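Enquirer: Structure file coords.txt (compact mmCIF, C-alpha atoms) is given on the next line.
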```txt
# COMPACT_ATOMS: atom_id res chain seq x y z
CA MET T 963 10.60 -19.61 -21.19
CA ALA T 964 11.23 -15.85 -21.05
CA HIS T 965 11.89 -13.98 -24.29
CA ILE T 966 14.87 -11.58 -24.06
CA VAL T 967 14.39 -8.27 -25.90
CA GLU T 968 17.45 -6.02 -26.25
CA LEU T 969 16.77 -2.26 -26.13
CA ASP T 970 19.07 0.59 -27.03
CA ALA T 971 16.90 3.60 -26.15
CA LEU T 972 14.09 4.60 -23.78
CA SER T 973 11.96 5.58 -26.78
CA ALA T 974 11.14 1.91 -27.42
CA PRO T 975 7.34 1.52 -27.22
CA GLU T 976 7.79 -1.61 -25.10
CA LEU T 977 8.87 0.69 -22.28
CA ASP T 978 5.65 2.75 -22.21
CA VAL T 979 4.38 0.99 -19.08
CA TYR T 980 7.68 1.69 -17.30
CA ALA T 981 8.56 5.13 -18.63
CA ARG T 982 5.60 7.05 -20.00
CA LEU T 983 2.19 5.94 -18.77
CA THR T 984 0.83 7.80 -15.74
CA GLU T 985 -0.39 5.99 -12.64
CA ALA T 986 -3.98 6.64 -13.72
CA GLN T 987 -3.28 5.20 -17.17
CA LEU T 988 -1.71 2.10 -15.67
CA ARG T 989 -4.63 1.63 -13.30
CA ASN T 990 -7.26 1.94 -16.02
CA ARG T 991 -5.33 0.70 -19.03
CA LEU T 992 -7.95 0.03 -21.75
CA GLU T 993 -10.33 -1.58 -19.24
CA THR T 994 -10.26 -1.65 -15.44
CA GLU T 995 -9.80 -5.40 -15.35
CA LYS T 996 -6.72 -4.98 -17.54
CA GLY T 997 -5.04 -2.55 -15.18
CA ILE T 998 -1.34 -2.81 -14.45
CA PHE T 999 0.90 -2.09 -11.50
CA ILE T 1000 4.70 -1.94 -11.34
CA ALA T 1001 6.73 -3.95 -8.84
CA GLU T 1002 10.26 -2.66 -8.28
CA SER T 1003 13.26 -4.66 -6.97
CA ALA T 1004 13.80 -8.39 -6.84
CA LYS T 1005 12.43 -8.57 -3.29
CA VAL T 1006 9.12 -6.89 -4.12
CA ILE T 1007 8.73 -8.94 -7.30
CA ASP T 1008 9.37 -12.10 -5.27
CA VAL T 1009 6.59 -11.13 -2.84
CA ALA T 1010 4.21 -10.43 -5.74
CA LEU T 1011 4.91 -13.78 -7.37
CA ARG T 1012 4.49 -15.64 -4.05
CA MET T 1013 1.13 -13.92 -3.60
CA GLY T 1014 0.02 -15.18 -7.01
CA HIS T 1015 0.16 -11.96 -9.03
CA GLU T 1016 0.53 -12.42 -12.79
CA PRO T 1017 3.62 -10.89 -14.47
CA LEU T 1018 3.33 -9.28 -17.90
CA SER T 1019 6.95 -8.29 -18.57
CA LEU T 1020 10.27 -7.70 -16.85
CA LEU T 1021 12.77 -4.89 -17.28
CA MET T 1022 16.32 -5.29 -16.00
CA GLU T 1023 19.91 -4.35 -16.55
CA ARG T 1024 21.79 -6.76 -18.76
CA ARG T 1025 24.04 -7.74 -15.84
CA HIS T 1026 21.06 -9.19 -13.97
CA LEU T 1027 20.18 -11.68 -16.72
CA ALA T 1028 22.63 -14.19 -15.29
CA GLY T 1029 22.15 -13.18 -11.64
CA GLN T 1030 19.10 -12.55 -9.48
CA GLY T 1031 17.08 -11.75 -12.60
CA ALA T 1032 17.57 -15.30 -13.86
CA LEU T 1033 15.81 -16.70 -10.78
CA LEU T 1034 12.83 -14.41 -11.39
CA MET T 1035 12.68 -15.25 -15.10
CA ASP T 1036 12.47 -18.95 -14.23
CA ARG T 1037 9.31 -18.21 -12.23
CA CYS T 1038 7.62 -15.86 -14.70
CA GLY T 1039 7.00 -18.16 -17.64
CA ASP T 1040 6.82 -17.03 -21.25
CA ILE T 1041 6.93 -13.24 -20.93
CA PRO T 1042 9.16 -10.61 -22.58
CA VAL T 1043 12.21 -9.51 -20.62
CA TYR T 1044 13.42 -6.09 -21.74
CA THR T 1045 17.08 -5.41 -21.08
CA ALA T 1046 19.69 -2.74 -21.71
CA ASP T 1047 22.85 -1.35 -20.21
CA ARG T 1048 22.59 0.80 -17.09
CA SER T 1049 23.59 3.87 -19.12
CA VAL T 1050 20.32 3.53 -21.06
CA LEU T 1051 18.06 2.64 -18.13
CA GLU T 1052 19.30 5.46 -15.88
CA GLY T 1053 17.08 7.77 -17.91
CA LEU T 1054 14.04 5.91 -16.60
CA THR T 1055 12.23 7.78 -13.82
CA GLY T 1056 12.99 6.24 -10.47
CA TYR T 1057 15.25 3.60 -11.95
CA THR T 1058 18.22 4.32 -9.72
CA VAL T 1059 16.28 3.35 -6.59
CA ASN T 1060 14.77 0.08 -7.76
CA ARG T 1061 17.91 -2.07 -7.63
CA GLY T 1062 17.91 -2.87 -11.28
CA ILE T 1063 14.75 -4.93 -11.89
CA LEU T 1064 11.13 -3.95 -12.54
CA CYS T 1065 8.08 -6.05 -13.36
CA ALA T 1066 4.77 -5.00 -14.91
CA MET T 1067 1.96 -7.08 -13.42
CA HIS T 1068 -1.76 -7.53 -13.83
CA ARG T 1069 -3.66 -5.50 -11.27
CA PRO T 1070 -5.54 -7.92 -8.98
CA LYS T 1071 -9.28 -7.83 -8.47
CA GLU T 1072 -9.99 -5.67 -5.45
CA ARG T 1073 -11.44 -7.23 -2.32
CA THR T 1074 -14.67 -6.08 -0.69
CA VAL T 1075 -14.91 -4.62 2.81
CA ASP T 1076 -16.66 -7.81 3.94
CA GLU T 1077 -13.78 -9.93 2.64
CA VAL T 1078 -11.16 -7.82 4.39
CA CYS T 1079 -13.02 -7.73 7.70
CA ALA T 1080 -14.43 -11.26 7.78
CA ASN T 1081 -11.91 -12.73 10.24
CA ALA T 1082 -10.16 -9.53 11.31
CA ARG T 1083 -9.69 -8.24 14.84
CA ARG T 1084 -7.67 -5.13 13.97
CA ILE T 1085 -8.03 -2.99 10.89
CA ALA T 1086 -6.67 0.40 9.86
CA VAL T 1087 -8.92 2.88 8.08
CA LEU T 1088 -7.16 5.58 6.05
CA GLU T 1089 -8.98 8.82 5.26
CA ASN T 1090 -7.72 11.17 2.53
CA ILE T 1091 -4.07 10.09 2.80
CA VAL T 1092 -2.70 11.19 -0.55
CA ASP T 1093 1.06 10.73 -0.27
CA ALA T 1094 2.22 7.43 -1.78
CA THR T 1095 5.19 7.23 0.59
CA ASN T 1096 2.87 7.44 3.59
CA ILE T 1097 0.55 4.81 2.13
CA GLY T 1098 3.47 2.45 1.59
CA ALA T 1099 4.90 3.07 5.06
CA ILE T 1100 1.51 2.50 6.71
CA PHE T 1101 1.08 -0.82 4.91
CA ARG T 1102 4.56 -1.93 5.97
CA SER T 1103 3.76 -1.10 9.61
CA ALA T 1104 0.35 -2.75 9.32
CA ALA T 1105 1.98 -5.97 8.11
CA ALA T 1106 4.70 -5.90 10.77
CA LEU T 1107 2.58 -4.85 13.74
CA GLY T 1108 -0.51 -6.99 13.60
CA MET T 1109 -3.15 -5.26 11.50
CA ASP T 1110 -5.40 -7.77 9.75
CA GLY T 1111 -6.48 -5.42 6.98
CA VAL T 1112 -6.57 -1.86 5.66
CA LEU T 1113 -9.55 0.10 4.35
CA LEU T 1114 -9.08 3.24 2.25
CA THR T 1115 -11.54 6.03 1.56
CA GLY T 1116 -11.97 7.01 -2.07
CA ASP T 1117 -9.82 10.13 -1.72
CA CYS T 1118 -6.69 8.19 -0.68
CA CYS T 1119 -3.73 7.56 -2.94
CA ASP T 1120 -3.96 4.30 -4.87
CA ALA T 1121 -2.55 1.46 -2.75
CA LEU T 1122 -0.86 0.01 -5.85
CA ASN T 1123 0.80 3.26 -6.81
CA ARG T 1124 4.34 2.47 -7.93
CA ARG T 1125 5.99 4.35 -5.05
CA ALA T 1126 3.55 2.95 -2.50
CA VAL T 1127 4.32 -0.61 -3.56
CA ARG T 1128 8.06 0.07 -3.38
CA VAL T 1129 8.00 1.83 0.01
CA SER T 1130 5.80 -0.91 1.46
CA MET T 1131 8.44 -3.47 0.41
CA GLY T 1132 5.63 -5.46 -1.16
CA THR T 1133 3.48 -5.68 1.98
CA VAL T 1134 0.66 -3.88 0.17
CA LEU T 1135 0.41 -7.14 -1.78
CA GLN T 1136 0.18 -9.17 1.44
CA VAL T 1137 -2.13 -7.17 3.72
CA PRO T 1138 -5.77 -7.45 2.59
CA TRP T 1139 -7.23 -4.07 1.63
CA ALA T 1140 -10.33 -2.56 0.08
CA HIS T 1141 -12.04 0.78 -0.47
CA ILE T 1142 -14.82 1.71 1.92
CA ASP T 1143 -17.79 3.66 0.53
CA GLY T 1144 -20.13 6.14 2.17
CA TRP T 1145 -17.48 7.47 4.50
CA PRO T 1146 -17.71 8.35 7.29
CA GLU T 1147 -21.25 7.75 8.55
CA HIS T 1148 -22.29 4.81 6.37
CA GLY T 1149 -18.83 3.25 6.45
CA LEU T 1150 -18.57 3.44 10.23
CA GLU T 1151 -22.05 1.96 10.63
CA GLU T 1152 -21.02 -0.90 8.33
CA LEU T 1153 -18.02 -1.56 10.58
CA ARG T 1154 -20.17 -1.43 13.73
CA GLN T 1155 -22.51 -4.03 12.28
CA MET T 1156 -19.47 -6.30 11.89
CA GLY T 1157 -18.62 -5.78 15.55
CA PHE T 1158 -15.86 -3.15 15.25
CA VAL T 1159 -15.36 -0.30 17.69
CA SER T 1160 -13.84 2.71 15.93
CA ALA T 1161 -11.01 4.81 17.37
CA ALA T 1162 -10.11 8.08 15.66
CA LEU T 1163 -6.50 9.19 16.10
CA ALA T 1164 -6.80 12.94 16.60
CA LEU T 1165 -5.36 15.84 18.58
CA ASP T 1166 -8.11 16.30 21.14
CA GLU T 1167 -7.53 17.22 24.78
CA ASP T 1168 -10.49 15.08 25.81
CA ALA T 1169 -9.24 12.01 23.91
CA LEU T 1170 -8.24 8.76 25.55
CA ASP T 1171 -4.51 8.18 25.81
CA ILE T 1172 -3.41 5.45 23.46
CA ASP T 1173 -2.29 3.23 26.36
CA ASP T 1174 -5.79 3.20 27.88
CA ALA T 1175 -6.36 -0.46 28.80
CA SER T 1176 -9.97 -0.42 27.65
CA LEU T 1177 -8.92 0.14 24.03
CA ALA T 1178 -6.48 -2.76 23.77
CA ALA T 1179 -9.07 -5.00 25.39
CA ARG T 1180 -11.57 -4.51 22.57
CA GLU T 1181 -12.22 -7.67 20.61
CA LYS T 1182 -12.47 -5.80 17.30
CA LEU T 1183 -10.95 -2.37 16.78
CA ALA T 1184 -10.80 -0.09 13.74
CA LEU T 1185 -8.03 2.52 13.96
CA VAL T 1186 -8.88 5.56 11.87
CA LEU T 1187 -6.04 7.77 10.56
CA GLY T 1188 -6.42 11.01 8.64
CA ALA T 1189 -4.79 13.19 6.04
CA GLU T 1190 -1.30 14.59 6.17
CA GLY T 1191 -1.35 18.00 7.86
CA ASP T 1192 -5.06 18.39 8.56
CA GLY T 1193 -5.69 15.01 10.13
CA LEU T 1194 -9.17 13.53 10.30
CA ARG T 1195 -12.17 15.59 9.32
CA PRO T 1196 -14.20 16.83 12.32
CA ARG T 1197 -17.30 14.92 11.19
CA THR T 1198 -15.25 11.70 11.12
CA VAL T 1199 -13.92 12.28 14.63
CA ALA T 1200 -17.46 13.02 15.85
CA ALA T 1201 -18.82 9.86 14.22
CA CYS T 1202 -16.21 7.49 15.69
CA ASP T 1203 -16.82 5.65 18.96
CA HIS T 1204 -13.63 6.95 20.60
CA THR T 1205 -11.01 9.61 20.01
CA VAL T 1206 -7.46 8.56 20.82
CA ARG T 1207 -4.25 10.52 21.07
CA ILE T 1208 -0.58 9.73 21.40
CA PRO T 1209 0.80 11.86 24.25
CA MET T 1210 3.56 14.20 23.04
CA GLN T 1211 6.62 15.58 24.82
CA ASN T 1212 9.18 18.36 24.28
CA GLY T 1213 6.70 20.66 22.59
CA VAL T 1214 6.09 18.35 19.63
CA ASP T 1215 2.45 18.66 18.59
CA SER T 1216 2.06 15.56 16.42
CA LEU T 1217 3.71 12.76 14.45
CA ASN T 1218 3.70 12.07 10.73
CA VAL T 1219 0.65 9.93 9.93
CA ALA T 1220 2.78 6.90 9.06
CA ALA T 1221 4.73 7.18 12.33
CA ALA T 1222 1.52 7.66 14.31
CA GLY T 1223 0.05 4.62 12.64
CA ALA T 1224 3.03 2.48 13.63
CA VAL T 1225 2.74 3.56 17.28
CA ALA T 1226 -1.01 2.88 17.30
CA PHE T 1227 -0.71 -0.48 15.57
CA TRP T 1228 1.79 -1.72 18.13
CA GLN T 1229 0.08 -0.34 21.21
CA LEU T 1230 -3.41 -1.49 20.24
CA ARG T 1231 -2.57 -4.80 18.56
CA ALA T 1232 -4.75 -7.80 19.39
CA ARG T 1233 -3.42 -9.60 22.46
```
Go through the file and emit its structure as structure tokens.
Expert:
Amino acid sequence: MAHIVELDALSAPELDVYARLTEAQLRNRLETEKGIFIAESAKVIDVALRMGHEPLSLLMERRHLAGQGALLMDRCGDIPVYTADRSVLEGLTGYTVNRGILCAMHRPKERTVDEVCANARRIAVLENIVDATNIGAIFRSAAALGMDGVLLTGDCCDALNRRAVRVSMGTVLQVPWAHIDGWPEHGLEELRQMGFVSAALALDEDALDIDDASLAAREKLALVLGAEGDGLRPRTVAACDHTVRIPMQNGVDSLNVAAAGAVAFWQLRAR
């Protein structure tokens, strides 16, 4: 049964994980295997619990104790539930956009590339995408539009960044993901050995249009998306099997990487 803890100020040490620890500190708290991530909103927490993630504590407005928070507490077992009036919690960074409930959870053990790709036909590979909002939006599109998994290079934003989890609406906890090493040459060769054809999304006049029938017909396809602004590195584009572009109109030169990903995921989904 949950243990209710009343708070009257944000200085309470129990709120460190919600109010004061950086993303890096949460990720590597004490030991890597003891890392923490924050799930925000009842909907995201529900997804996390359904996916088997272990809750450590809850934080919610007092008014939620007898409402939607009560349903979550019933599922979380014997953990502390920190609560206060909204006037106190409004001082918490990001609190006003999380719909009143947060949950600190154990960070899950990360999958391997082999585990993510084992039965996949479509995967997204993200290179140097550093904005948490874009990471979250890409995961949400990947879940909705048929991607079987996501691979991230080491210079990407953490997939379990607090904002990324929130923007993804919890789908980052549903779509299998892993980090891919030795990118691009070694990583791409690893994917080829698993049967994937790689398609780099890049602004190249010689690229295939995204509606080229030969792309959608591929049994296994890895869609490679690059950094905000600069896009994919030239050596990555050169190392991929194909370069693909989304035709633009009205003088627009490109789409935001998350928007481009959504278009590519839908057009090149497995049929």
Enquirer: Can you find the residues with an atom no farther than 12 Å from (-11.8, 13.6, 13.2), counting only C-alpha atoms, and report them as a PyMOL selection string?
Expert: chain T and resi 1088-1090+1146+1160-1166+1169+1185-1189+1192-1207
Enquirer: To one decimal place in Å, what is the distance between atom CA of Asp1120 of chain T and atom CA of Gly1149 of chain T?
Expert: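 For atom CA of Asp1120 of chain T relative to atom CA of Gly1149 of chain T, the distance reads 18.7 Å.
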Enquirer: Measuring atom to atom with only C-alpha atoms, identify which of T:Val1009, T:Leu1021, T:Ala1105, T:Ala1001 is nearest to Glu976 of chain T.
Expert: T:Leu1021
Enquirer: T:Leu1135, T:Ile1172, T:Ala1220, T:Val1078: which is nearest Gly1014 of chain T, counting all atoms listed in the file?
Expert: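 Nearest to Gly1014 of chain T: T:Leu1135.
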Enquirer: Box in all listed atoms of segment 1082-1092 of chain T, axis-aligned, with 5 Å more on each side; write out centre and edge lengths in Å to one decimal as lines of an AutoDock Vina configuration file.
Expert:
```
center_x = -6.4
center_y = 0.8
center_z = 7.1
size_x = 17.5
size_y = 30.7
size_z = 25.4
```
Enquirer: Between atom CA of Leu1034 of chain T and atom CA of Gly1062 of chain T, what is the distance, to one decimal in Å?
Expert: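 One can read the atom CA of Leu1034 of chain T to atom CA of Gly1062 of chain T distance as 12.6 Å.
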Enquirer: Could you please determine the separation between atom CA of Glu1181 of chain T and atom CA of Pro1209 of chain T in Å, to one decimal place?
Expert: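 Atom-to-atom, atom CA of Glu1181 of chain T to atom CA of Pro1209 of chain T, that is 23.8 Å.
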Enquirer: Residues at most 9 Å from Cys1079 of chain T, counting all atoms listed in the file, excluding those fewer than 6 positions away in the same chain, as an MDAnalysis selection string?
Expert: chainID T and resid 1085 1110:1112 1138 1153 1156
Enquirer: With all atoms listed in the file as the counted atoms, please give the residues lying no more than 12 Å from Gly1029 of chain T, apart from itself and same-chain residues fewer than 6 positions off, as a PyMOL selection string.
Expert: chain T and resi 1004+1022-1023+1035-1036+1062-1063
Enquirer: Given the choices T:Val1092, T:Leu972, T:Ala1082, T:Ala964, which gets closest to Val1043 of chain T if the distance is worked out from only C-alpha atoms?
Expert: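 Ranking T:Val1092, T:Leu972, T:Ala1082, T:Ala964 by distance to Val1043 of chain T, first place goes to T:Ala964.
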Enquirer: Restricting the calculation to all atoms listed in the file: of T:Ala1032, T:Ala981, T:Leu1122, T:Ala1046, which residue gets closest to Ile998 of chain T?
Expert: T:Leu1122
Enquirer: Of the candidates T:Val1127, T:Leu1183, T:Leu1064, T:Ala1178, which shows the shortest atom-to-atom distance to Gly1031 of chain T, using only C-alpha atoms?
Expert: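 Among T:Val1127, T:Leu1183, T:Leu1064, T:Ala1178, it is T:Leu1064 that comes nearest to Gly1031 of chain T.
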Enquirer: I'd like to know which of T:Leu977, T:Val1225, T:Ala1010, T:Met1109 is closest to Thr1045 of chain T, using all atoms listed in the file.
Expert: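 Smallest distance to Thr1045 of chain T is found for T:Leu977.
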Enquirer: Could you give me, as CSV, every segment 1072-1132 of chain T residue with an atom at most 7 Å from segment 1230-1233 of chain T, plus its closest atom pair and distance in Å to one decimal, counting all atoms listed in the file, rows ordered by chain then number?
Expert:
```
residue,atom,partner,partner_atom,distance
T:Arg1083,CA,T:Ala1232,CA,6.7
T:Arg1084,CA,T:Ala1232,CA,6.7
T:Gly1108,CA,T:Arg1231,CA,5.8
```
Enquirer: When you look at Glu1190 of chain T with a cut-off of 8 Å (counting only C-alpha atoms), what residues show up, excluding the ones that are within fewer than 4 positions of it in the same chain? I need them as a list of chain:residue names.
Expert: T:Ile1091, T:Val1092, T:Asp1093, T:Asn1218, T:Val1219
